[in-house]
Amino acid sequence: MMTSWLNINGWERLKERVTELASGREAKAASIGLVCIDRRDAESGASSVAADPEGANSNDGRWNDWLAKAFPGERLWFVDELGSHLWIGVEIPVRGGAGTAAEAHLTRVAGRLRRLLSAEAGTAPIEASGVAVRGTGAAVLPLKTGIDLKDSLYEGMLAAVGRMRSLSGDRDSADLELRAEMERLLKERSIRSVYQPITRIGTGEVFGYEALTRCPPGSRFDGPLALFNFAEREGYAFALDRLAREKAIGSSPSLNGVQKIFINVTLGIMNDPGFVSGQTAQWLRQRGLQPGQVVLELTERSSIDDFEEAKKILRHYRSQGYEIAIDDAGAGYSSLQSIVELSPDYIKVDKSLVQNADRDEMKKQMLRTFVRFAKRMNIRTVAEGIERPEELRLARRVGIDFGQGYLLGRPGEYADRIVRDGLPNG
């Protein structure tokens with residue numbers, strides 16, 4: 001495998017795609033990325049890649065077969081083995097060159113590769129005994145006319161290896177412990193879901209529940225925010241989101257025909273081919289739920305770079321019956337832009353605007369503005385963080401549709417029953 005790297009099939013394919021995309025001959029030009037995986041014996045430092053008595057093409061074929069099964073709907077291919085480093089090419093279905101969305105997509109792919117090779121090494125064409133993924137790095141290749149192809153590839157390789165060292169080789173023991181904890185949580189499926197009621201402000205009836213993820217007792221993660229932030233940073237986001245959705249649906253309270261369950265997702269996860277069209281729909285059927293009872297609550301841990309693409313994604317899920325909510329409205333400019341661009345079914349007004357709004361004239365006016373705008377656009381409103389009777393009375397007075405907060409109901413498991421409790425007096 002150590003022949004000239006430009007003459008290997010995987011590199012040839014990479015060169016061809018880079019040339020095609022850089023030339024602009026394709027109307028929907030995407031991006032190309034490189035993922036570098038360092039697999040060495042933990043003690044000896046030797047390469048863990050299996051010997052290939054039948055030659056490079058045979059090894060390429062085995063890897064490509066495995067990648068196709070492990071990443072359905074994605075375009076990944078085995079590029080080369082150089083020493084202890086494996087190189088994987090990734091075609092990124094995100095327009096915008098080396099922008100934030102392309103980088104985020106490549107990071108998710110690299111993280112999934114690392115997780116699969118660590119947890120399921122026996123299914124991949126590698127030696128499984130005594131090896132571990134010692135590091136993973138990734139870089140989006142520059143697709144600009146006038147840049148020498150070889151320079152572009154070398155630049156990408158150096159960037160991927162550099163990121164692998166910065167993200168893996170020098171990390172402190174605390175991060176290594178958190179990674180081990182994350183992989184244990186995923187393997188043991190030990191996270192759980194709790195549910196916070198969302199009530200109709202006018203009648204006090206339970207309209208639905210927001211599913212919230214909780215870590216197991218004794219976890220090293222300081223709550224769900226730290227858990228999901230670490231997963232996003234380290235490439236576990238897809239696996240954690242999948243498990244959280246399964247738990248949220250499988251343990252949900254029984255719903256009547258008009259009640260909803262709100263499930264937190266990111267737009268990047270929704271863009272994955274396996275998100276709703278496959279396993280999630282099956283979980284809903286097993287629980288006796290319909291897509292129309294599910295509200296996909298967009299929680300953007302990264303900004304939306306391409307609103308036209310986002311609209312296309314949301315149209316796909318709406319056509320299946322799902323509804324869309326924008327979370328934390330009013331907490332920042334990005335959420336307001338998302339409301340204008342994406343026309344959600346629900347606006348969840350951030351608790352920072354709701355709490356103590358009865359004492360703050362500016363907050364009152366903001367709430368009234370949200371309500372007037374939402375009613376004009378046929379969007380329903382949910383006030384988050386209601387903890388005081390005065391906040392509830394104000395929400396009712398300004399015309400907010402639904403409320404959520406400790407005053408109305410704390411997160412709980414609610415077993416397998418329908419909660420019919422009304423609002424507290426106030």
# chains A, B, ... in the order shown; residues from 1 in each chain; ligands from 1

$ residues_around --residues "A:Tyr346" --least-positions-apart "3" --cutoff "9 Å" --atoms "only C-alpha atoms" --output "ChimeraX atom specification"
/A:295,297,323-327,343,374,379-382

$ closest_residue --among "A:Pro224, A:Leu284, A:Gly33, A:Arg396" --to "A:Ala159" --atoms "only C-alpha atoms"
A:Gly33

$ residues_around --residues "stretch 105-107 of chain A" --least-positions-apart "5" --cutoff "8 Å" --atoms "only C-alpha atoms" --output "short mmCIF file (atom, residue, chain, number, x, y, z; two decimals) with N, CA, C and O atoms, in the first residue's frame"
data_model
loop_
_atom_site.label_atom_id
_atom_site.label_comp_id
_atom_site.auth_asym_id
_atom_site.auth_seq_id
_atom_site.Cartn_x
_atom_site.Cartn_y
_atom_site.Cartn_z
N GLY A 33 -13.96 16.27 1.79
CA GLY A 33 -13.17 16.28 3.01
C GLY A 33 -12.30 15.05 3.13
O GLY A 33 -12.53 14.03 2.47
N VAL A 90 -14.46 11.88 1.92
CA VAL A 90 -15.87 12.15 2.26
C VAL A 90 -16.40 13.22 1.30
O VAL A 90 -15.83 14.31 1.21
N ILE A 92 -19.16 15.84 0.86
CA ILE A 92 -20.02 16.53 1.81
C ILE A 92 -21.19 17.16 1.06
O ILE A 92 -20.97 18.03 0.22
N VAL A 94 -23.10 19.50 1.32
CA VAL A 94 -23.41 20.83 1.83
C VAL A 94 -22.74 21.85 0.93
O VAL A 94 -21.54 21.80 0.74
N ALA A 138 -9.81 15.77 10.73
CA ALA A 138 -10.54 15.95 9.48
C ALA A 138 -10.34 17.37 8.97
O ALA A 138 -10.12 18.30 9.75
N ALA A 139 -10.41 17.52 7.65
CA ALA A 139 -10.28 18.84 7.04
C ALA A 139 -11.05 18.87 5.73
O ALA A 139 -11.05 17.89 4.98
N VAL A 140 -11.73 19.98 5.47
CA VAL A 140 -12.39 20.21 4.18
C VAL A 140 -11.36 20.74 3.21
O VAL A 140 -10.62 21.68 3.53
N GLY A 235 -17.70 14.54 18.29
CA GLY A 235 -18.18 13.69 17.20
C GLY A 235 -19.15 12.60 17.60
O GLY A 235 -19.40 11.69 16.83
N GLY A 268 -28.76 20.05 11.73
CA GLY A 268 -27.76 19.16 11.16
C GLY A 268 -28.14 17.69 11.31
O GLY A 268 -27.96 16.89 10.39
#

$ atom_distance --atom1 "atom CA of A:Val79" --atom2 "atom CA of A:Glu20"
17.6 Å

$ atom_distance --atom1 "atom CA of A:Lys351" --atom2 "atom CA of A:Leu240"
25.8 Å

$ atom_distance --atom1 "atom CA of A:Gly405" --atom2 "atom CA of A:Ser254"
20.4 Å

$ closest_residue --among "A:Ala231, A:Leu185, A:Leu178, A:Leu113" --to "A:Pro217" --atoms "only C-alpha atoms"
A:Leu185

$ residues_around --residues "A:Ser193" --least-positions-apart "4" --cutoff "9 Å" --atoms "only C-alpha atoms" --output "PyMOL selection string"
chain A and resi 211-215+244+247-249+251-252+412-413

$ residues_around --residues "A:Lys311" --least-positions-apart "4" --cutoff "12 Å" --atoms "only C-alpha atoms" --output "PyMOL selection string"
chain A and resi 267+270-271+304-307+315-318+324+338-344

$ write_last_selection --atoms "C-alpha atoms" --output "PDB file, in the first residue's frame"
ATOM      1  CA  LEU A 267     -31.003  20.998  11.887  1.00  0.00           C
ATOM      2  CA  MET A 270     -32.412  16.354  10.746  1.00  0.00           C
ATOM      3  CA  ASN A 271     -30.385  16.478   7.528  1.00  0.00           C
ATOM      4  CA  ILE A 304     -27.793  27.982  10.156  1.00  0.00           C
ATOM      5  CA  ASP A 305     -25.627  28.930   7.180  1.00  0.00           C
ATOM      6  CA  ASP A 306     -28.043  28.119   4.364  1.00  0.00           C
ATOM      7  CA  PHE A 307     -31.687  28.962   5.059  1.00  0.00           C
ATOM      8  CA  ARG A 315     -40.610  20.918   4.016  1.00  0.00           C
ATOM      9  CA  HIS A 316     -39.640  17.252   3.797  1.00  0.00           C
ATOM     10  CA  TYR A 317     -40.559  16.566   7.438  1.00  0.00           C
ATOM     11  CA  ARG A 318     -43.678  18.701   7.364  1.00  0.00           C
ATOM     12  CA  ILE A 324     -41.707  22.494  13.848  1.00  0.00           C
ATOM     13  CA  SER A 338     -34.853  31.539  12.163  1.00  0.00           C
ATOM     14  CA  ILE A 339     -38.466  32.520  12.912  1.00  0.00           C
ATOM     15  CA  VAL A 340     -38.603  34.883   9.941  1.00  0.00           C
ATOM     16  CA  GLU A 341     -36.922  32.475   7.527  1.00  0.00           C
ATOM     17  CA  LEU A 342     -38.417  29.133   8.609  1.00  0.00           C
ATOM     18  CA  SER A 343     -42.029  30.035   9.567  1.00  0.00           C
ATOM     19  CA  PRO A 344     -42.344  27.511  12.409  1.00  0.00           C
TER      20      PRO A 344
END

$ closest_residue --among "A:Lys348, A:Arg242, A:Arg397, A:Arg388" --to "A:Lys364" --atoms "only C-alpha atoms"
A:Arg397

$ select_by_dssp --residues "stretch 179-342 of chain A" --states "strand (DSSP E)" --output "PyMOL selection string"
chain A and resi 192-200+206-214+260-265+294-298+323-329
